[in-house]
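*Asks:* Structure supplied as entry-v8.pdb; contents: PDB, C-alpha atoms.
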ATOM      1  CA  THR A   1      20.393 -13.389  -7.270
ATOM      2  CA  LYS A   2      21.254 -11.681 -10.510
ATOM      3  CA  GLY A   3      17.599 -10.822 -11.265
ATOM      4  CA  ASN A   4      16.891  -8.882  -8.093
ATOM      5  CA  LYS A   5      19.825  -6.450  -8.122
ATOM      6  CA  GLY A   6      17.293  -3.746  -9.040
ATOM      7  CA  ILE A   7      15.302  -4.453  -5.883
ATOM      8  CA  ALA A   8      18.484  -4.357  -3.784
ATOM      9  CA  ALA A   9      19.412  -0.983  -5.301
ATOM     10  CA  TYR A  10      15.878   0.308  -4.820
ATOM     11  CA  PHE A  11      15.983  -0.756  -1.148
ATOM     12  CA  GLU A  12      18.943   1.594  -0.673
ATOM     13  CA  VAL A  13      17.021   4.435  -2.372
ATOM     14  CA  VAL A  14      13.953   3.869  -0.178
ATOM     15  CA  HIS A  15      16.088   3.725   2.958
ATOM     16  CA  GLY A  16      17.842   6.973   1.997
ATOM     17  CA  GLN A  17      14.539   8.741   1.353
ATOM     18  CA  LEU A  18      13.249   7.586   4.726
ATOM     19  CA  LEU A  19      16.303   9.011   6.457
ATOM     20  CA  GLN A  20      15.771  12.332   4.653
ATOM     21  CA  LEU A  21      12.129  12.436   5.766
ATOM     22  CA  THR A  22      13.080  11.802   9.385
ATOM     23  CA  GLU A  23      15.512  14.721   9.217
ATOM     24  CA  ILE A  24      12.773  16.978   7.856
ATOM     25  CA  VAL A  25      10.193  15.928  10.454
ATOM     26  CA  THR A  26      12.580  16.669  13.337
ATOM     27  CA  GLY A  27      12.938  20.276  12.136
ATOM     28  CA  ARG A  28      10.576  23.219  12.459
ATOM     29  CA  ILE A  29       7.487  22.485  10.375
ATOM     30  CA  SER A  30       3.790  23.284  10.646
ATOM     31  CA  LYS A  31       1.241  20.914  12.225
ATOM     32  CA  LEU A  32      -0.208  20.108   8.795
ATOM     33  CA  GLN A  33       3.242  19.328   7.381
ATOM     34  CA  ARG A  34       4.019  17.126  10.412
ATOM     35  CA  LYS A  35       0.740  15.235   9.961
ATOM     36  CA  SER A  36       1.373  14.728   6.237
ATOM     37  CA  LEU A  37       4.956  13.624   6.780
ATOM     38  CA  GLY A  38       3.874  11.273   9.587
ATOM     39  CA  ALA A  39       1.527   9.487   7.195
ATOM     40  CA  LEU A  40       4.200   9.418   4.474
ATOM     41  CA  ILE A  41       6.817   8.009   6.860
ATOM     42  CA  THR A  42       4.392   5.293   8.006
ATOM     43  CA  ILE A  43       3.839   4.223   4.391
ATOM     44  CA  ASP A  44       7.548   4.481   3.558
ATOM     45  CA  VAL A  45       8.591   2.316   6.533
ATOM     46  CA  HIS A  46       6.269  -0.414   5.259
ATOM     47  CA  GLN A  47       7.620   0.071   1.724
ATOM     48  CA  ARG A  48      11.183  -0.314   3.020
ATOM     49  CA  ASP A  49      10.263  -3.491   4.932
ATOM     50  CA  VAL A  50       8.451  -5.036   1.947
ATOM     51  CA  THR A  51      11.309  -4.126  -0.410
ATOM     52  CA  GLY A  52      13.795  -5.699   2.018
ATOM     53  CA  ASN A  53      11.703  -8.875   2.223
ATOM     54  CA  MET A  54      11.522  -9.052  -1.583
ATOM     55  CA  ARG A  55      15.285  -8.581  -1.818
ATOM     56  CA  ASP A  56      15.934 -11.255   0.818
ATOM     57  CA  SER A  57      13.517 -13.766  -0.739
ATOM     58  CA  GLY A  58      15.050 -13.354  -4.197
ATOM     59  CA  VAL A  59      12.145 -11.792  -6.078
ATOM     60  CA  SER A  60      13.297 -11.328  -9.669
ATOM     61  CA  ASN A  61      10.075 -11.262 -11.680
ATOM     62  CA  THR A  62       6.792  -9.348 -11.536
ATOM     63  CA  ALA A  63       4.984 -12.709 -11.572
ATOM     64  CA  ASP A  64       6.573 -13.787  -8.263
ATOM     65  CA  PHE A  65       4.049 -14.222  -5.455
ATOM     66  CA  GLU A  66       5.880 -11.786  -3.157
ATOM     67  CA  TRP A  67       5.417  -9.100  -5.847
ATOM     68  CA  ILE A  68       1.818  -9.723  -6.906
ATOM     69  CA  SER A  69       0.625 -10.078  -3.308
ATOM     70  CA  GLN A  70       1.459  -6.414  -2.654
ATOM     71  CA  LEU A  71      -1.149  -3.699  -3.089
ATOM     72  CA  ARG A  72       0.133  -1.741  -6.091
ATOM     73  CA  TYR A  73      -1.018   1.015  -8.413
ATOM     74  CA  GLU A  74      -0.759   0.941 -12.204
ATOM     75  CA  LEU A  75      -1.968   3.071 -15.088
ATOM     76  CA  CYS A  76      -4.207   1.187 -17.504
ATOM     77  CA  ALA A  77      -2.686   0.893 -20.964
ATOM     78  CA  GLY A  78      -6.147   0.443 -22.511
ATOM     79  CA  GLU A  79      -5.714  -3.096 -23.827
ATOM     80  CA  ALA A  80      -8.474  -4.559 -25.997
ATOM     81  CA  GLY A  81     -11.049  -6.394 -23.914
ATOM     82  CA  SER A  82     -10.192  -4.482 -20.753
ATOM     83  CA  ASN A  83     -12.995  -3.105 -18.592
ATOM     84  CA  TYR A  84     -10.940   0.014 -17.939
ATOM     85  CA  ALA A  85     -10.115   3.030 -20.075
ATOM     86  CA  LYS A  86      -6.603   4.042 -21.041
ATOM     87  CA  GLY A  87      -5.167   6.182 -18.266
ATOM     88  CA  ASP A  88      -7.393   4.816 -15.479
ATOM     89  CA  THR A  89      -5.494   4.240 -12.254
ATOM     90  CA  LEU A  90      -5.859   0.615 -11.190
ATOM     91  CA  VAL A  91      -5.192  -0.877  -7.775
ATOM     92  CA  LYS A  92      -4.016  -4.479  -8.028
ATOM     93  CA  GLN A  93      -3.366  -7.274  -5.568
ATOM     94  CA  LEU A  94      -3.046 -10.909  -6.694
ATOM     95  CA  ASP A  95      -5.947 -11.437  -9.139
ATOM     96  CA  GLY A  96      -7.902  -8.468  -7.817
ATOM     97  CA  VAL A  97      -8.066  -5.372 -10.013
ATOM     98  CA  PHE A  98      -9.967  -2.280  -8.868
ATOM     99  CA  LYS A  99     -10.394   1.162 -10.391
ATOM    100  CA  TYR A 100      -8.940   3.774  -8.050
ATOM    101  CA  GLY A 101     -11.885   5.627  -6.531
ATOM    102  CA  CYS A 102     -10.451   9.188  -6.524
ATOM    103  CA  GLU A 103     -12.464   9.871  -3.337
ATOM    104  CA  TYR A 104     -10.739  12.535  -1.235
ATOM    105  CA  LEU A 105     -10.654  11.148   2.283
ATOM    106  CA  GLY A 106      -8.829  13.926   4.068
ATOM    107  CA  ASN A 107      -5.301  14.258   5.373
ATOM    108  CA  SER A 108      -5.207  11.791   8.224
ATOM    109  CA  MET A 109      -2.683   9.484   9.828
ATOM    110  CA  ARG A 110      -2.184   6.070   8.279
ATOM    111  CA  LEU A 111      -2.410   2.766  10.056
ATOM    112  CA  VAL A 112       0.918   1.099  10.769
ATOM    113  CA  VAL A 113       0.997  -1.737   8.244
ATOM    114  CA  THR A 114       2.159  -5.097   9.602
ATOM    115  CA  PRO A 115       2.339  -8.539   7.963
ATOM    116  CA  LEU A 116      -1.086  -9.253   9.526
ATOM    117  CA  THR A 117      -2.467  -6.108   7.873
ATOM    118  CA  ASP A 118      -1.116  -7.361   4.534
ATOM    119  CA  ARG A 119      -2.887 -10.712   5.017
ATOM    120  CA  ILE A 120      -6.167  -8.966   5.830
ATOM    121  CA  TYR A 121      -5.762  -6.822   2.700
ATOM    122  CA  LEU A 122      -5.246 -10.019   0.650
ATOM    123  CA  THR A 123      -8.392 -11.567   2.117
ATOM    124  CA  LEU A 124     -10.548  -8.474   1.643
ATOM    125  CA  THR A 125      -9.375  -7.701  -1.901
ATOM    126  CA  GLY A 126      -9.968 -11.343  -2.833
ATOM    127  CA  ALA A 127     -13.526 -11.087  -1.492
ATOM    128  CA  LEU A 128     -14.130  -7.758  -3.249
ATOM    129  CA  GLN A 129     -12.875  -9.197  -6.556
ATOM    130  CA  LEU A 130     -15.576 -11.873  -6.213
ATOM    131  CA  PHE A 131     -18.175  -9.186  -5.391
ATOM    132  CA  LEU A 132     -18.419 -10.434  -1.821
ATOM    133  CA  GLY A 133     -18.177  -8.444   1.380
ATOM    134  CA  GLY A 134     -15.634  -8.844   4.096
ATOM    135  CA  ALA A 135     -16.306  -9.254   7.790
ATOM    136  CA  PRO A 136     -13.043  -9.705   9.695
ATOM    137  CA  ALA A 137     -13.615 -11.607  12.926
ATOM    138  CA  GLY A 138     -11.584 -11.653  16.110
ATOM    139  CA  PRO A 139     -11.238 -10.185  19.577
ATOM    140  CA  ALA A 140     -12.182  -6.571  20.271
ATOM    141  CA  GLY A 141      -9.462  -3.951  19.946
ATOM    142  CA  THR A 142      -7.272  -5.832  17.465
ATOM    143  CA  GLY A 143      -7.649  -3.345  14.582
ATOM    144  CA  LYS A 144     -10.194  -5.067  12.346
ATOM    145  CA  THR A 145     -12.231  -1.906  11.737
ATOM    146  CA  GLU A 146      -9.170   0.319  11.330
ATOM    147  CA  THR A 147      -7.593  -2.119   8.861
ATOM    148  CA  THR A 148     -10.778  -2.238   6.786
ATOM    149  CA  LYS A 149     -10.959   1.569   6.773
ATOM    150  CA  ASP A 150      -7.276   1.810   5.814
ATOM    151  CA  LEU A 151      -7.814  -0.519   2.848
ATOM    152  CA  ALA A 152     -10.746   1.663   1.767
ATOM    153  CA  LYS A 153      -8.417   4.664   1.983
ATOM    154  CA  ALA A 154      -5.822   2.847  -0.178
ATOM    155  CA  LEU A 155      -8.545   2.157  -2.769
ATOM    156  CA  ALA A 156      -9.862   5.739  -2.405
ATOM    157  CA  LYS A 157     -13.349   4.431  -1.690
ATOM    158  CA  GLN A 158     -15.757   5.653   0.923
ATOM    159  CA  CYS A 159     -16.073   3.248   3.850
ATOM    160  CA  VAL A 160     -19.068   3.381   6.169
ATOM    161  CA  VAL A 161     -18.751   1.463   9.426
ATOM    162  CA  PHE A 162     -21.834   0.699  11.480
TER     163      PHE A 162
END
What would the structure in this file look like if it were written as structure tokens?
*Replies:*
Amino acid sequence: TKGNKGIAAYFEVVHGQLLQLTEIVTGRISKLQRKSLGALITIDVHQRDVTGNMRDSGVSNTADFEWISQLRYELCAGEAGSNYAKGDTLVKQLDGVFKYGCEYLGNSMRLVVTPLTDRIYLTLTGALQLFLGGAPAGPAGTGKTETTKDLAKALAKQCVVF
């Protein structure tokens, strides 16, 4: 559609950046650089996939469900009546708005984000917005704990699993 030409162009940019990163990671780099780039590539692959899905589904407005259902970061403009100060980094997903925690969680690998991971993020952020907890249920070894920890990392909040 006419309205999503920007997303189509951005998809090409994201894809090009991903190709550049793969060239860098195949070269001679330190272990720390390889670990950092591995995490960045994991996030960028998901970004490319989401951008492609938005392009293919015709997203043309920031109010479209495909857009607002993504975990995204914004700087607070400091509107009147807001609970956040101007310049605060906010993490948003659907109706959920959270102040970025600024908790340094180390340089570790990121979880590969799948459509199921996105749905779990939606469920957990919805529960957190209502000041409820989240307790994903399912068979052992399916990534429930790792997904919860990865969401905590995206929010820059400490996550204690017991």
*Asks:* Residues near Gln93 (chain A), anyone? I mean within 7 Å using only C-alpha atoms, not counting same-chain ones fewer than 3 positions away, as a PyMOL selection string.
*Replies:* chain A and resi 68-72+96-97
*Asks:* Under the PyMOL selection byres ((chain A and resi 122) around 10), which residues of this model are included? Write them out as a list in words.
*Replies:*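 With the shown file as input, the PyMOL selection byres ((chain A and resi 122) around 10) matches Ser69, Gln70, Leu71, Gln93, Leu94, Asp95, Gly96, Leu116, Thr117, Asp118, Arg119, Ile120, Tyr121, Thr123, Leu124, Thr125, Gly126, Ala127 and Leu128 of chain A.
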*Asks:* Applied to this file, what does the PyMOL selection byres ((chain A and resi 46) around 12) return in terms of residues, put as a ChimeraX atom specification?
*Replies:* /A:11,14-15,18,39-45,47-53,70-71,110-115,117-118
*Asks:* Near region 149-153 of chain A, counting all atoms listed in the file, which residues have an atom at most 7 Å away, once you skip same-chain residues fewer than 4 positions from it, shown as a PyMOL selection string?
*Replies:* chain A and resi 105+111+121+145+157-159
*Asks:* When you look at Lys86 (chain A) with a cut-off of 12 Å (counting all atoms listed in the file), what residues show up, excluding the ones that are within fewer than 3 positions of it in the same chain? I need them as a list of chain:residue names.
*Replies:*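 Contacts, with the query itself left out: A:Glu74, A:Leu75, A:Cys76, A:Ala77, A:Gly78, A:Glu79, A:Ala80, A:Gly81, A:Ser82, A:Asn83, A:Thr89, A:Leu90, A:Lys99.
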*Asks:* What is the CA of Phe131 (chain A)-CA of Ala85 (chain A) distance in Å, reported with one decimal?
*Replies:*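 So the two atoms, CA of Phe131 (chain A) and CA of Ala85 (chain A), lie 20.7 Å apart.
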*Asks:* Report, as lines of an AutoDock Vina configuration file, the axis-aligned box around all atoms of region 83-95 of chain A present in the file, extended by 8 Å on each side; give centre and edge lengths in Å to one decimal place.
*Replies:*
center_x = -8.0
center_y = -2.6
center_z = -13.3
size_x = 25.9
size_y = 33.6
size_z = 31.5
*Asks:* For the atom pair CA of Met109 (chain A) and CA of Lys35 (chain A), what is the interatomic distance in Å to one decimal place?
*Replies:*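 According to the coordinates, CA of Met109 (chain A) and CA of Lys35 (chain A) are separated by 6.7 Å.
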*Asks:* Any idea what's packed within 12 Å of Leu32 (chain A), counting only C-alpha atoms, ignoring anything in its chain fewer than 5 positions away? Could you give it as a list in words?
*Replies:* Val25, Leu37, Gly38, Ala39, Gly106, Asn107, Ser108 and Met109 of chain A
*Asks:* Measuring between only C-alpha atoms, which one of A:Gln20, A:Gly6, A:Val59, A:Glu103 shows the shortest distance to Leu155 (chain A)?
*Replies:*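 Among the listed residues, A:Glu103 lies closest to Leu155 (chain A).
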*Asks:* Taking into account all atoms listed in the file, which residue in the set A:Lys92, A:Ala8, A:Ile29, A:Thr148 is nearest to Val160 (chain A)?
*Replies:* A:Thr148
*Asks:* Given the choices A:Val13, A:Leu132, A:Val91, A:Ile7, which gets closest to Ser60 (chain A) if the distance is worked out from all atoms listed in the file?
*Replies:*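 Between A:Val13, A:Leu132, A:Val91, A:Ile7, the residue approaching Ser60 (chain A) most closely is A:Ile7.
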*Asks:* One decimal, Å: what's the distance from CA of Asn61 (chain A) over to CA of Glu12 (chain A), could you say?
*Replies:*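 Going from CA of Asn61 (chain A) over to CA of Glu12 (chain A) covers 19.1 Å.
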*Asks:* From the set A:Ala9, A:Ala156, A:Val161, A:Leu130, which residue has the shortest atom-to-atom contact distance to Lys144 (chain A), counting all atoms listed in the file?
*Replies:*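 With all atoms listed in the file as the atom set, the closest residue is A:Val161.
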